[in-house]
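S.K.: Before we start, here is the structure in question, set down as structure tokens.
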Amino acid sequence: MDTATAVIGGAAGYRPGATLSLWTEIRRQASRRRTQLALGFMVLLPLIILTAFQLDSGNDNGGGNNGEFSRLSDLATSGGPNFTLFTLLVSSGFLLVVVVALFCGDTVASEASWGSLRYLLAMPVPRARLLGIKLTVALLYSLLAILTLVATALLAGTLRYGWAPLSAPIGGEIPAGTSVVRLLEIVGYLCVSLLVVASLAFLLSVSTDAPLGAVGGAVLLQILSNILDQITALGNLRTVLPTHYADAWLGLLSSPMQTGDLVKGCVAALMYATVFFSLAWWRFLRKDVVS
């Protein structure tokens with residue numbers, strides 16, 4: 001046995017970097033029903049919204065929240081970029097949270113529930129490499145789901161309503177030529193803010209053998225944060241909640257752009273994500289895996 005093999009502690013020819021490749025994990029996750037259903041629903045949702053607009057009878061009474069929602073609906077039918085913006089408005093608060101939690105919370109816990117996690121580690125796949133590959137693939141599929149939603153909404157909205165300047169719910173217009181860039185900036189901020197959900201779901205995933213518990217736990221804590229953020233009696237304490245700046249991307253639609261809350265939201269999300277991901281690594285590297 002040569003020196004390198006002795007240091008690694010494996011058999012001759014064993015290379016930790018060759019175990020559980022990124023492409024192998026991508027294909028494994030692509031073959032799973034939950035991946036196919038999640039991505040399929042990202043395509044289906046904009047079509048459902050489009051169909052709902054086509055069936056709209058126009059009998060809105062114009063009062064209260066219904067009137068406000070009607071104005072957003074009218075905005076959505078004024079062009080492809082606006083339809084995409086409306087789709088993001090109605091999906092970012094819950095649907096995208098669930099999808100990201102599903103991909104990141106199910107990834108390790110599902111292996112444990114199937115009893116295959118210990119066999120992966122016995123191959124042997126180094127624990128740090130297994131976590132790195134699992135997390136990378138989960139984040140890639142989360143990004144793919146969001147981009148699929150946006151691309152489908154933009155295509156369907158443009159084919160039905162044409163191309164028009166992006167109009168903000170709070171007033172003002174963004175030239176049609178820069179609408180896609182602005183939508184991508186919104187998607188970028190949503191991806192950063194959703195890192196909180198991804199990291200928390202991943203931490204729960206390495207801490208439990210129940211995938212549903214990891215996914216549900218991340219979603220429930222996100223809902224709890226949203227509820228607490230509505231309690232004005234908490235004052236400035238609300239600023240430390242992970243969802244406090246969830247809607248800061250609306251500042252990208254104002255003229256001039258309001259970036260103060262965007263920066264705070266990105267910093268807060270990255271801090272939470274760093275803590276949760278670090279705890280996930282610390283927990284899993286010391287965990288006694290028996291399933």
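Lettering and numbering for the structure tokens are positional, with chains as A, B, ... in the shown order, residues counted from 1 in each chain, and ligands counted from 1 in the shown order.
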As an mmCIF file with C-alpha atoms, in the first residue's frame, please: the residues near Leu47 (chain A) (cut-off 12 Å, only C-alpha atoms, same-chain neighbours under 4 positions excluded).
M.R.:
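Saved result, part_35.cif, follows:
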data_model
loop_
_atom_site.group_PDB
_atom_site.id
_atom_site.type_symbol
_atom_site.label_atom_id
_atom_site.label_comp_id
_atom_site.auth_asym_id
_atom_site.auth_seq_id
_atom_site.Cartn_x
_atom_site.Cartn_y
_atom_site.Cartn_z
ATOM 1 C CA GLY A 40 -44.332 19.444 -13.558
ATOM 2 C CA PHE A 41 -46.370 21.626 -11.233
ATOM 3 C CA MET A 42 -44.039 24.549 -11.935
ATOM 4 C CA VAL A 43 -45.104 24.237 -15.570
ATOM 5 C CA THR A 51 -57.018 29.540 -17.472
ATOM 6 C CA ALA A 52 -58.469 31.216 -14.379
ATOM 7 C CA PHE A 53 -58.114 34.612 -16.051
ATOM 8 C CA GLN A 54 -59.866 33.286 -19.134
ATOM 9 C CA PHE A 83 -48.190 38.019 -15.950
ATOM 10 C CA THR A 84 -44.842 36.619 -14.791
ATOM 11 C CA THR A 87 -47.210 34.554 -10.862
ATOM 12 C CA LEU A 149 -41.982 28.621 -13.224
ATOM 13 C CA VAL A 150 -40.705 31.981 -14.485
ATOM 14 C CA ALA A 151 -39.951 30.761 -18.019
ATOM 15 C CA THR A 152 -43.351 29.091 -18.381
ATOM 16 C CA ALA A 153 -45.182 32.148 -17.050
ATOM 17 C CA LEU A 154 -43.235 34.490 -19.335
ATOM 18 C CA LEU A 155 -43.833 32.312 -22.404
ATOM 19 C CA ALA A 156 -47.518 31.671 -21.691
ATOM 20 C CA GLY A 157 -48.191 35.288 -20.721
ATOM 21 C CA LEU A 159 -48.247 34.322 -26.161
ATOM 22 C CA ARG A 160 -51.611 35.267 -24.651
#
S.K.: Any idea what's packed within 8 Å of region 203-211 of chain A, counting only C-alpha atoms, ignoring anything in its chain fewer than 6 positions away? Could you give it as a PyMOL selection string?
M.R.: chain A and resi 104-110+112-113+217-218+276-277+279-280+283-284+291
S.K.: Set the distance at 9 Å and use only C-alpha atoms: which residues neighbour Val98 (chain A) once local chain neighbours fewer than 5 positions away are removed? I'd like the list as an mmCIF file with N, CA and C atoms, in the first residue's frame.
M.R.:
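Below is the file result.cif, written as the result:
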data_model
loop_
_atom_site.group_PDB
_atom_site.id
_atom_site.type_symbol
_atom_site.label_atom_id
_atom_site.label_comp_id
_atom_site.auth_asym_id
_atom_site.auth_seq_id
_atom_site.Cartn_x
_atom_site.Cartn_y
_atom_site.Cartn_z
ATOM 1 N N PHE A 103 -37.131 19.787 -1.815
ATOM 2 C CA PHE A 103 -35.875 19.323 -2.403
ATOM 3 C C PHE A 103 -34.764 19.224 -1.366
ATOM 4 N N VAL A 197 -34.809 28.878 3.947
ATOM 5 C CA VAL A 197 -35.636 27.670 3.928
ATOM 6 C C VAL A 197 -34.790 26.452 3.578
ATOM 7 N N VAL A 215 -39.260 18.392 5.867
ATOM 8 C CA VAL A 215 -39.922 19.326 4.958
ATOM 9 C C VAL A 215 -40.964 20.146 5.709
ATOM 10 N N GLY A 216 -41.815 19.461 6.472
ATOM 11 C CA GLY A 216 -42.865 20.152 7.204
ATOM 12 C C GLY A 216 -42.324 21.090 8.267
ATOM 13 N N ALA A 218 -39.503 22.804 8.232
ATOM 14 C CA ALA A 218 -39.006 24.035 7.604
ATOM 15 C C ALA A 218 -40.153 24.935 7.176
ATOM 16 N N VAL A 219 -41.198 24.339 6.609
ATOM 17 C CA VAL A 219 -42.351 25.127 6.157
ATOM 18 C C VAL A 219 -43.080 25.741 7.349
#
S.K.: Tell me which protein, DNA and RNA residues are within 12 Å of Gln29 (chain A), counting only C-alpha atoms, leaving out same-chain ones fewer than 3 positions away, and put them as number ranges by chain.
M.R.: A: 22-26, 32-39, 103-104, 106-108, 110-111, 133-142
S.K.: How would the residues just picked look written out with C-alpha atoms as an mmCIF file, in the first residue's frame?
M.R.:
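Produced file again15.cif, reproduced below:
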data_model
loop_
_atom_site.group_PDB
_atom_site.id
_atom_site.type_symbol
_atom_site.label_atom_id
_atom_site.label_comp_id
_atom_site.auth_asym_id
_atom_site.auth_seq_id
_atom_site.Cartn_x
_atom_site.Cartn_y
_atom_site.Cartn_z
ATOM 1 C CA LEU A 22 -22.571 14.932 -9.068
ATOM 2 C CA TRP A 23 -24.012 13.604 -12.321
ATOM 3 C CA THR A 24 -24.977 10.306 -10.665
ATOM 4 C CA GLU A 25 -26.921 12.126 -7.960
ATOM 5 C CA ILE A 26 -28.580 14.407 -10.525
ATOM 6 C CA ARG A 32 -37.748 10.291 -8.390
ATOM 7 C CA ARG A 33 -41.470 10.914 -8.604
ATOM 8 C CA ARG A 34 -41.375 13.906 -6.252
ATOM 9 C CA THR A 35 -38.879 15.672 -8.531
ATOM 10 C CA GLN A 36 -40.981 15.048 -11.603
ATOM 11 C CA LEU A 37 -44.191 16.165 -9.888
ATOM 12 C CA ALA A 38 -42.600 19.307 -8.441
ATOM 13 C CA LEU A 39 -41.134 20.409 -11.776
ATOM 14 C CA PHE A 103 -35.875 19.323 -2.403
ATOM 15 C CA CYS A 104 -33.568 20.216 0.499
ATOM 16 C CA ASP A 106 -36.027 15.233 1.596
ATOM 17 C CA THR A 107 -32.527 14.672 0.236
ATOM 18 C CA VAL A 108 -30.726 13.051 3.227
ATOM 19 C CA SER A 110 -35.144 9.979 2.496
ATOM 20 C CA GLU A 111 -31.925 7.953 2.282
ATOM 21 C CA ILE A 133 -23.219 16.448 -3.415
ATOM 22 C CA LYS A 134 -26.678 16.112 -1.849
ATOM 23 C CA LEU A 135 -26.894 19.829 -1.077
ATOM 24 C CA THR A 136 -25.586 20.915 -4.478
ATOM 25 C CA VAL A 137 -28.126 18.778 -6.325
ATOM 26 C CA ALA A 138 -30.965 19.920 -4.054
ATOM 27 C CA LEU A 139 -30.101 23.576 -4.677
ATOM 28 C CA LEU A 140 -29.778 22.970 -8.425
ATOM 29 C CA TYR A 141 -33.239 21.407 -8.604
ATOM 30 C CA SER A 142 -34.672 24.224 -6.462
#
S.K.: Tell me, as a PyMOL selection string, which residues lie within 6 Å of Trp163 (chain A), counting only C-alpha atoms; anything in the same chain fewer than 2 positions away does not count.
M.R.: chain A and resi 79-80+158
S.K.: Take the residues from that selection and write them out as a PDB file, in the first residue's frame, keeping N, CA and C atoms.
M.R.:
ATOM      1  N   GLY A  79     -49.639  42.065 -20.198  1.00  0.00           N
ATOM      2  CA  GLY A  79     -48.431  41.692 -20.920  1.00  0.00           C
ATOM      3  C   GLY A  79     -47.722  40.519 -20.270  1.00  0.00           C
ATOM      4  N   GLY A  80     -46.845  39.873 -21.044  1.00  0.00           N
ATOM      5  CA  GLY A  80     -46.128  38.711 -20.540  1.00  0.00           C
ATOM      6  C   GLY A  80     -45.309  38.977 -19.291  1.00  0.00           C
ATOM      7  N   THR A 158     -46.758  35.934 -22.564  1.00  0.00           N
ATOM      8  CA  THR A 158     -46.440  36.674 -23.780  1.00  0.00           C
ATOM      9  C   THR A 158     -47.268  36.187 -24.962  1.00  0.00           C
TER      10      THR A 158
END
S.K.: Have a look at CA of Leu237 (chain A) and CA of Val187 (chain A) and let me know their distance in Å, one decimal.
M.R.: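 CA of Val187 (chain A) lies at a distance of 27.1 Å from CA of Leu237 (chain A).
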S.K.: Could you write out, as an NGL selection string, all the residues of region 92-164 of chain A that DSSP marks as helix (DSSP H, G or I)?
M.R.: :A and (95-106 or 109-114 or 117-121 or 127-161)
S.K.: So that I can see what lies close to Arg238 (chain A), please list as a list in words the residues with an atom at most 10 Å from it, counting only C-alpha atoms and leaving out residues fewer than 5 positions away in the same chain.
M.R.: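 Listing them by chain and then by number gives Ser225, Asn226, Leu228, Asp229, Gln230, Ile231, Thr232, Ala233, Thr243, His244 and Tyr245 of chain A.
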S.K.: So that I have them on file, write out the residues from the current selection with all heavy atoms, as a compact mmCIF listing (two decimals), in the first residue's frame.
M.R.:
# COMPACT_ATOMS: atom_id res chain seq x y z
N SER A 225 -42.72 32.38 11.38
CA SER A 225 -41.99 33.65 11.22
C SER A 225 -42.87 34.69 10.56
O SER A 225 -42.87 35.87 10.94
CB SER A 225 -40.72 33.42 10.40
OG SER A 225 -40.03 34.64 10.17
N ASN A 226 -43.65 34.28 9.56
CA ASN A 226 -44.57 35.21 8.89
C ASN A 226 -45.63 35.73 9.85
O ASN A 226 -45.99 36.91 9.82
CB ASN A 226 -45.26 34.52 7.70
CG ASN A 226 -44.39 34.53 6.45
OD1 ASN A 226 -43.71 35.50 6.17
ND2 ASN A 226 -44.42 33.44 5.71
N LEU A 228 -45.42 35.96 13.20
CA LEU A 228 -44.79 36.85 14.16
C LEU A 228 -44.45 38.20 13.54
O LEU A 228 -44.50 39.24 14.22
CB LEU A 228 -43.52 36.20 14.73
CG LEU A 228 -43.72 34.97 15.61
CD1 LEU A 228 -42.38 34.37 16.01
CD2 LEU A 228 -44.54 35.33 16.85
N ASP A 229 -44.13 38.19 12.25
CA ASP A 229 -43.77 39.43 11.58
C ASP A 229 -44.97 40.38 11.46
O ASP A 229 -44.80 41.58 11.24
CB ASP A 229 -43.20 39.13 10.19
CG ASP A 229 -42.49 40.33 9.59
OD1 ASP A 229 -41.79 41.03 10.33
OD2 ASP A 229 -42.66 40.57 8.37
N GLN A 230 -46.18 39.83 11.58
CA GLN A 230 -47.38 40.65 11.50
C GLN A 230 -47.76 41.28 12.84
O GLN A 230 -48.64 42.12 12.90
CB GLN A 230 -48.56 39.81 11.00
CG GLN A 230 -48.34 39.15 9.65
CD GLN A 230 -48.03 40.16 8.55
OE1 GLN A 230 -48.70 41.19 8.44
NE2 GLN A 230 -47.03 39.86 7.75
N ILE A 231 -47.10 40.87 13.91
CA ILE A 231 -47.40 41.38 15.25
C ILE A 231 -46.57 42.65 15.49
O ILE A 231 -45.38 42.58 15.82
CB ILE A 231 -47.12 40.32 16.32
CG1 ILE A 231 -47.92 39.05 16.03
CG2 ILE A 231 -47.45 40.86 17.71
CD1 ILE A 231 -47.64 37.91 16.99
N THR A 232 -47.18 43.79 15.31
CA THR A 232 -46.46 45.06 15.42
C THR A 232 -45.95 45.32 16.84
O THR A 232 -45.02 46.11 17.03
CB THR A 232 -47.36 46.22 14.98
OG1 THR A 232 -48.56 46.21 15.77
CG2 THR A 232 -47.74 46.08 13.51
N ALA A 233 -46.56 44.66 17.83
CA ALA A 233 -46.12 44.86 19.21
C ALA A 233 -44.69 44.40 19.43
O ALA A 233 -44.03 44.83 20.40
CB ALA A 233 -47.06 44.12 20.16
N THR A 243 -38.21 36.02 7.71
CA THR A 243 -39.14 36.40 6.64
C THR A 243 -39.43 37.91 6.62
O THR A 243 -40.25 38.36 5.82
CB THR A 243 -40.48 35.66 6.81
OG1 THR A 243 -41.03 35.97 8.09
CG2 THR A 243 -40.28 34.16 6.68
N HIS A 244 -38.77 38.68 7.47
CA HIS A 244 -39.10 40.10 7.57
C HIS A 244 -38.87 40.84 6.25
O HIS A 244 -39.63 41.75 5.90
CB HIS A 244 -38.29 40.75 8.69
CG HIS A 244 -38.62 42.20 8.91
ND1 HIS A 244 -39.82 42.60 9.46
CD2 HIS A 244 -37.93 43.34 8.63
CE1 HIS A 244 -39.84 43.93 9.54
NE2 HIS A 244 -38.72 44.39 9.03
N TYR A 245 -37.83 40.46 5.53
CA TYR A 245 -37.50 41.14 4.27
C TYR A 245 -37.89 40.30 3.05
O TYR A 245 -37.35 40.49 1.96
CB TYR A 245 -36.01 41.45 4.21
CG TYR A 245 -35.54 42.39 5.32
CD1 TYR A 245 -34.82 41.90 6.41
CD2 TYR A 245 -35.82 43.75 5.26
CE1 TYR A 245 -34.40 42.75 7.42
CE2 TYR A 245 -35.39 44.61 6.26
CZ TYR A 245 -34.68 44.10 7.34
OH TYR A 245 -34.26 44.95 8.34
S.K.: Of the candidates A:Trp249, A:Tyr272, A:Tyr161, A:Trp281, which one gets nearest to Val196 (chain A) if we count only C-alpha atoms?
M.R.: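 Result for the nearest residue to Val196 (chain A): A:Tyr272.
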S.K.: Could you state the separation of CA of Ala101 (chain A) and CA of Val275 (chain A) in Å, given to one decimal place?
M.R.: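 CA of Val275 (chain A) lies at a distance of 16.8 Å from CA of Ala101 (chain A).
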S.K.: I'd like to know which of A:Pro242, A:Pro165, A:Pro126, A:Gly251 is closest to Ser199 (chain A), using only C-alpha atoms.
M.R.: A:Pro242
S.K.: How many Å lie between CA of Met257 (chain A) and CA of Gly177 (chain A), rounded to one decimal?
M.R.: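 Taking CA of Met257 (chain A) as the start and CA of Gly177 (chain A) as the end point, the length is 17.0 Å.
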S.K.: Can you work out which one of A:Asn236, A:Thr77, A:Lys264, A:Leu194 has the shortest atom-to-atom distance to Val97 (chain A), counting only C-alpha atoms?
M.R.: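 Of the candidates, the smallest distance to Val97 (chain A) is held by A:Leu194.
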S.K.: So, with only C-alpha atoms as the atoms that count, which of A:Leu183, A:Met271, A:Leu120, A:Val99 lies closest to Leu241 (chain A)?
M.R.: A:Met271
